[in-house]
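K.L.:
This is the structure, below, for whatever I ask next.
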Amino acid sequence: MSQSHPYRSNRRRFLVNGTLLAAGSSLRPSIFGQVVSGEHRWTISNSAIQRILTFRNQSGLVTEQLSALTPAYQFISSAPEGFAHEFSFRCNGQFCAGTGTDFTLGSEPKQRSGERDSKILTITLRHKTLPLEVSVVYSVYGDHSALRKHLEIHNVGSDALHLSHLTVESLAFSLGPENEVTLMTQYGGIPREIFYTGRSEDAGFFLANGRTGNGVAVLSEVPGYMKRTEIAGWDNPNHVRIGVMYDTDMMPFERTLRAGEIFSTASASLIAYRAGDSFNDPHWSVPSYTSEILERRIGQHGPPWIYNTWEPFERTINQNIVFELIDAAAEMGLDVFTIDDGWQQEYGDNIVNTTAFPGGLQPIIDRVESKGMRLGLWLPIAAIGNDTPAYREHADWAALDENGKPKITGTAAGAKTVMCMGSAYRDAAAARINDAIARFHLAYVKLDLTTVFNAYGEAPGCWSHTHYHGNWAESLNLIYEGIAYTTRKVYEQHPDVLLDLTFELWGQKHIIDAGLLNAGDLDWLSNVDDNFSGSAGPLQARQLLYQRAISMPADCMLIGNLHAEQASIQERFATALGSAPLFLGDMRKLTDADRRWYHEKIAWFKNLRRTTAIDQSFFPLGSWSQTTPSSWDGFARLARTGSGIICLFRNKSESAEAVIRLPEMPGGRYTVRSIITGKNIGTVSKSDWQQGVRIQFASAAPVEILEVRASA
């Protein structure tokens, strides 16, 4: 495979619209364009990655080169004709592709600066026979080894157009012979064969040469069940074809574009990496990208520490219990006190249940804020009662089943009607959420229950013909779009609120993806049982974490339902450090000593987060691929300085020690301190991390938490 000098293209000069432009700093994102003998060529790059695109009348829009500049490696070489289409879809049944002769170059390509230190290139193509324009939008960010892409499909005619079979990214990677190619799927944690179809859980997959370690992480931002990825590693001896798509069969994507309407697709990101090569290793490069680019507003200081009343109180929660829990939460040092289901009189209405809360929520708000915390509330976004104003006034907004009957979902409060987020109901939902935030001074809202698909088996979508969708298939993506529309309306009025879109709302157990994070801040991705000794508890919570955190931002994951008072509190605290920290349980049962212990440790972690960007990496350790009581597991969350935390879990293995190997640590020396014992463990070097640092478990402690500090 050919390789190029890592900075050669960045230091060239290009003609753009007849003007000679200098490349400038090779450390900044940049775009250059030129026209030579009728060929249009664009280079979008930074110091870490480069994509060269060409447009010729006889071949259309083609990615000629995709290369990692640090290290220098060519991922795209000449592919067989028709093997990769750059993008494709069907319009009115006619196949349309970026490559080939379907399109001509439309308006002048545009370059602009975007958010988060990005440069954006928009290439607009005009279809030769259909009244259709496609703007292909490419973005590059700072020094991330990543490129991002989406389409904007514009109906420029007077009649409606029908879209289906949509592929946002279609490329053929050159990674070596087939018997050297490896594939990690489902968030990048599960090995699979290289001829593979990914669906809802394949938010990120990692395709690599298993011998050299050169690879590409492909992240799909297509939401939930609309997601489909195709990996064809057996079609050609020199190429692996990939497609980042909307689904075509089980949950098929369809979309009617009215005259003048523009449909913006979800994005796909390509992140180049080399396993085992310092910061080019995917445990650094992918979390750094996702935490900076895909997160909305969590930031370096991390998410707040949240308490939620759902377990064990469920709908029996009341004012007296809440007052006692508030005191415990404040003593522990938590930030947000959340009342889950049971505070409201009816699903879909903001009237307070005065039987449980005779004074309304104002006494709760006053008590919470006097303790230095903020209030959070649970709200169902689409599952509502038939006595609510939204249903009484607009029963026609209800989602319908295939028999034309309103869809019903089971809830803790009985059967409720599911309203269609692909209808005008989405504005009513936004208004209700905005009202609750303003009325109750909320810092956090947990948006829950069925929308597009019930996570426990009820049928997906809406069969109404009077909503914004023309048929059932169109309803699927429009419901996801309706969720994003609703949250966007909320952010317009309350830009600082944190919105949590739960796995039940997104439609599948344990799901998280970049589409969800485009619409919200956090994802309550599971309800792990932690009600009694011997329950699934932290071990299963960490299983969920380890398989997702390499491709999805750990700080966006709320993994319920760890009980703060269950033994051991050390294990629950350490597990919470791996993701967005969340506790449930009856905290009134905590002793004064336990509350002081939590307070001290939470204060330590908050101080560390203020100075250390631990979201820049995620390293699962020990028996991470399958957590088991018979072996230790753990994780490291480190800033690029090498400073951060390491959490180790003995489980029931009776291991006296854990051997930690972190071969991708930056050079230098590090001091290591036990947060459990408060003792300094010693000073270690990069070579020590490579060979393995032995950490002894304290005799009585089920976990070890280490603070790692890079020495000056």
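In the structure tokens, chains take the letters A, B, ... in the order shown, each chain's residues start at 1, and ligands count up from 1 in the order shown.
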Report as a tab-separated table the residues of region 533-620 of chain A within 12 Å of region 625-641 of chain A, each with its shortest atom pair and distance in Å (one decimal), using only C-alpha atoms, ordered by chain and increasing residue number.

P.N.:
residue	atom	partner	partner_atom	distance
A:Gly534	CA	A:Pro629	CA	11.0
A:Ala536	CA	A:Pro629	CA	10.9
A:Gly537	CA	A:Pro629	CA	11.8
A:Pro538	CA	A:Thr627	CA	10.1
A:Leu539	CA	A:Thr627	CA	6.5
A:Gln540	CA	A:Thr627	CA	7.4
A:Ala541	CA	A:Thr627	CA	9.7
A:Arg542	CA	A:Thr627	CA	7.5
A:Gln543	CA	A:Thr627	CA	5.9
A:Leu544	CA	A:Thr627	CA	9.7
A:Leu545	CA	A:Phe635	CA	9.7
A:Tyr546	CA	A:Ser625	CA	7.2
A:Gln547	CA	A:Ser625	CA	7.1
A:Arg548	CA	A:Ser625	CA	10.8
A:Ala549	CA	A:Phe635	CA	10.2
A:Ile550	CA	A:Arg637	CA	10.9
A:Pro553	CA	A:Arg637	CA	11.6
A:Ala554	CA	A:Arg637	CA	9.6
A:Asp555	CA	A:Arg637	CA	10.9
A:Glu571	CA	A:Gly634	CA	11.0
A:Ala574	CA	A:Gly634	CA	9.5
A:Thr575	CA	A:Gly634	CA	8.9
A:Ala576	CA	A:Phe635	CA	11.6
A:Leu577	CA	A:Arg637	CA	9.0
A:Gly578	CA	A:Phe635	CA	7.4
A:Ser579	CA	A:Arg637	CA	9.9
A:Leu608	CA	A:Ala639	CA	11.0
A:Arg609	CA	A:Ala639	CA	10.0
A:Arg610	CA	A:Ala639	CA	11.9
A:Thr611	CA	A:Ala639	CA	9.7
A:Thr612	CA	A:Ala639	CA	6.1
A:Ala613	CA	A:Ala639	CA	4.8
A:Ile614	CA	A:Leu638	CA	4.4
A:Asp615	CA	A:Arg637	CA	6.6
A:Gln616	CA	A:Ala639	CA	5.3
A:Ser617	CA	A:Leu638	CA	5.6
A:Phe618	CA	A:Arg637	CA	5.0
A:Phe619	CA	A:Ala636	CA	5.0
A:Pro620	CA	A:Phe635	CA	4.3

K.L.:
Store the residues of this selection in a file with C-alpha atoms, as a JSON list (two decimals), in the first residue's frame.

P.N.:
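File written: selection-v7.json
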[["chain", "number", "residue", "atom", "x", "y", "z"],
["A", 534, "GLY", "CA", -26.40, -10.80, 45.12],
["A", 536, "ALA", "CA", -26.78, -7.88, 39.11],
["A", 537, "GLY", "CA", -25.54, -4.60, 40.55],
["A", 538, "PRO", "CA", -22.24, -2.91, 39.68],
["A", 539, "LEU", "CA", -20.78, -5.92, 37.86],
["A", 540, "GLN", "CA", -23.45, -5.72, 35.15],
["A", 541, "ALA", "CA", -23.35, -1.93, 35.10],
["A", 542, "ARG", "CA", -19.66, -2.13, 34.26],
["A", 543, "GLN", "CA", -20.35, -4.70, 31.52],
["A", 544, "LEU", "CA", -22.57, -2.12, 29.84],
["A", 545, "LEU", "CA", -19.96, 0.59, 30.35],
["A", 546, "TYR", "CA", -16.94, -1.29, 29.05],
["A", 547, "GLN", "CA", -18.51, -2.31, 25.76],
["A", 548, "ARG", "CA", -19.75, 1.18, 24.96],
["A", 549, "ALA", "CA", -17.23, 3.68, 26.31],
["A", 550, "ILE", "CA", -14.64, 3.29, 23.55],
["A", 553, "PRO", "CA", -18.84, 9.37, 25.51],
["A", 554, "ALA", "CA", -18.79, 7.84, 28.99],
["A", 555, "ASP", "CA", -19.88, 11.15, 30.53],
["A", 571, "GLU", "CA", -17.79, -0.58, 44.72],
["A", 574, "ALA", "CA", -15.98, 3.43, 42.00],
["A", 575, "THR", "CA", -18.38, 2.10, 39.35],
["A", 576, "ALA", "CA", -20.09, 5.50, 39.19],
["A", 577, "LEU", "CA", -16.75, 7.13, 38.34],
["A", 578, "GLY", "CA", -16.75, 5.35, 34.98],
["A", 579, "SER", "CA", -19.72, 7.21, 33.54],
["A", 608, "LEU", "CA", -9.82, 16.25, 40.09],
["A", 609, "ARG", "CA", -12.28, 16.86, 37.24],
["A", 610, "ARG", "CA", -11.73, 20.61, 37.46],
["A", 611, "THR", "CA", -8.10, 20.19, 36.43],
["A", 612, "THR", "CA", -7.97, 16.86, 34.58],
["A", 613, "ALA", "CA", -9.73, 16.05, 31.31],
["A", 614, "ILE", "CA", -10.30, 12.36, 31.99],
["A", 615, "ASP", "CA", -12.82, 12.22, 29.13],
["A", 616, "GLN", "CA", -9.91, 12.14, 26.66],
["A", 617, "SER", "CA", -9.56, 8.35, 26.92],
["A", 618, "PHE", "CA", -11.14, 5.16, 28.15],
["A", 619, "PHE", "CA", -9.19, 1.95, 28.85],
["A", 620, "PRO", "CA", -11.08, -1.13, 30.11]]

K.L.:
Extract, using only C-alpha atoms, all DNA, RNA and protein residues at most 6 Å from Met245 (chain A), discarding same-chain residues fewer than 6 positions from it, and format them as number ranges by chain.

P.N.:
A: 166-168, 228-229

K.L.:
With a distance cut-off of 7 Å and only C-alpha atoms, select the neighbouring residues of Ala656 (chain A), excluding the residue or stretch itself and same-chain residues fewer than 2 positions from it, and output the selection as a PyMOL selection string.

P.N.:
chain A and resi 654+696-697

K.L.:
Tell me which of A:Asn454, A:Val490, A:Glu115, A:Tyr73 sits closest to Ala438 (chain A), counting only C-alpha atoms.

P.N.:
A:Val490

K.L.:
Which residues are near Gly93 (chain A)? Cut-off 10 Å, only C-alpha atoms, ignore same chain within fewer than 5 positions. Put them as a ChimeraX atom specification.

P.N.:
/A:161-165

K.L.:
Just checking: using only C-alpha atoms, which residue out of A:Arg56, A:Arg112, A:Arg126, A:Lys371 ends up closest to Thr99 (chain A)?

P.N.:
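Checking each candidate against Thr99 (chain A), we get A:Arg56 as the closest.
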
K.L.:
Residues of region 303-484 of chain A in strand (DSSP E or B) according to DSSP, as a PDB file with C-alpha atoms, in the first residue's frame?

P.N.:
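Below is the file that was written, selection33.pdb:
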ATOM      1  CA  ILE A 306     -27.451  12.880  40.246  1.00  0.00           C
ATOM      2  CA  TYR A 307     -29.790  11.145  42.684  1.00  0.00           C
ATOM      3  CA  ASN A 308     -33.073   9.625  41.482  1.00  0.00           C
ATOM      4  CA  VAL A 336     -29.087  17.204  41.378  1.00  0.00           C
ATOM      5  CA  PHE A 337     -31.981  15.686  43.317  1.00  0.00           C
ATOM      6  CA  THR A 338     -34.451  14.040  40.935  1.00  0.00           C
ATOM      7  CA  ILE A 339     -38.004  12.977  41.703  1.00  0.00           C
ATOM      8  CA  GLN A 344     -47.345  14.274  38.947  1.00  0.00           C
ATOM      9  CA  VAL A 352     -48.556  18.023  41.012  1.00  0.00           C
ATOM     10  CA  ARG A 374     -30.900  21.729  41.978  1.00  0.00           C
ATOM     11  CA  LEU A 375     -34.101  19.848  41.259  1.00  0.00           C
ATOM     12  CA  GLY A 376     -34.606  17.310  38.478  1.00  0.00           C
ATOM     13  CA  LEU A 377     -37.894  15.704  37.395  1.00  0.00           C
ATOM     14  CA  TRP A 378     -39.055  12.695  35.418  1.00  0.00           C
ATOM     15  CA  LEU A 379     -41.378  13.460  32.482  1.00  0.00           C
ATOM     16  CA  PRO A 380     -42.930  11.087  29.944  1.00  0.00           C
ATOM     17  CA  ALA A 383     -47.028   8.302  26.801  1.00  0.00           C
ATOM     18  CA  ILE A 384     -49.869  10.322  28.314  1.00  0.00           C
ATOM     19  CA  ALA A 398     -52.209   9.729  18.939  1.00  0.00           C
ATOM     20  CA  LEU A 400     -52.201   4.491  15.556  1.00  0.00           C
ATOM     21  CA  PRO A 406     -54.647   4.388  19.244  1.00  0.00           C
ATOM     22  CA  ILE A 408     -51.407   1.829  24.073  1.00  0.00           C
ATOM     23  CA  THR A 409     -48.329   1.183  26.212  1.00  0.00           C
ATOM     24  CA  GLY A 410     -48.077  -0.362  29.641  1.00  0.00           C
ATOM     25  CA  THR A 411     -46.565   1.821  32.382  1.00  0.00           C
ATOM     26  CA  GLY A 414     -51.329   1.559  33.950  1.00  0.00           C
ATOM     27  CA  ALA A 415     -52.082   1.723  30.241  1.00  0.00           C
ATOM     28  CA  LYS A 416     -51.349   5.051  28.537  1.00  0.00           C
ATOM     29  CA  THR A 417     -51.816   6.331  25.004  1.00  0.00           C
ATOM     30  CA  VAL A 418     -48.705   6.888  22.897  1.00  0.00           C
ATOM     31  CA  MET A 419     -48.785  10.196  21.065  1.00  0.00           C
ATOM     32  CA  LEU A 442     -35.237  22.396  36.858  1.00  0.00           C
ATOM     33  CA  ALA A 443     -31.602  21.702  36.090  1.00  0.00           C
ATOM     34  CA  TYR A 444     -32.238  18.235  34.672  1.00  0.00           C
ATOM     35  CA  VAL A 445     -35.177  16.460  33.020  1.00  0.00           C
ATOM     36  CA  LYS A 446     -35.444  12.701  32.524  1.00  0.00           C
ATOM     37  CA  LEU A 447     -37.547  12.214  29.373  1.00  0.00           C
ATOM     38  CA  ASP A 448     -38.895   8.681  29.320  1.00  0.00           C
TER      39      ASP A 448
END

K.L.:
Determine, counting only C-alpha atoms, which protein, DNA and RNA residues have an atom within 8 Å of an atom of Thr683 (chain A); residues of the same chain fewer than 5 positions away are not included. Present the result as a PDB file with N, CA and C atoms, in the first residue's frame.

P.N.:
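Output contents, as saved in around21.pdb:
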ATOM      1  N   ARG A 669       7.064  10.456  34.256  1.00  0.00           N
ATOM      2  CA  ARG A 669       6.896   9.723  35.503  1.00  0.00           C
ATOM      3  C   ARG A 669       5.590  10.150  36.163  1.00  0.00           C
ATOM      4  N   TYR A 670       5.035   9.226  36.955  1.00  0.00           N
ATOM      5  CA  TYR A 670       3.715   9.430  37.524  1.00  0.00           C
ATOM      6  C   TYR A 670       3.710   9.027  38.992  1.00  0.00           C
ATOM      7  N   THR A 671       3.054   9.850  39.796  1.00  0.00           N
ATOM      8  CA  THR A 671       2.818   9.461  41.184  1.00  0.00           C
ATOM      9  C   THR A 671       1.444   8.812  41.262  1.00  0.00           C
ATOM     10  N   VAL A 672       1.361   7.759  42.057  1.00  0.00           N
ATOM     11  CA  VAL A 672       0.126   6.990  42.175  1.00  0.00           C
ATOM     12  C   VAL A 672      -0.279   6.968  43.643  1.00  0.00           C
TER      13      VAL A 672
END

K.L.:
Apply DSSP to the structure's backbone, then extract all residues of region 157-268 of chain A labelled helix (DSSP H, G or I) and return them as a list in words.

P.N.:
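Going through region 157-268 of chain A, the helix (DSSP H, G or I) residues come out as Glu178, Asn179, Glu180, Gly224, Tyr225 and Met226 of chain A.
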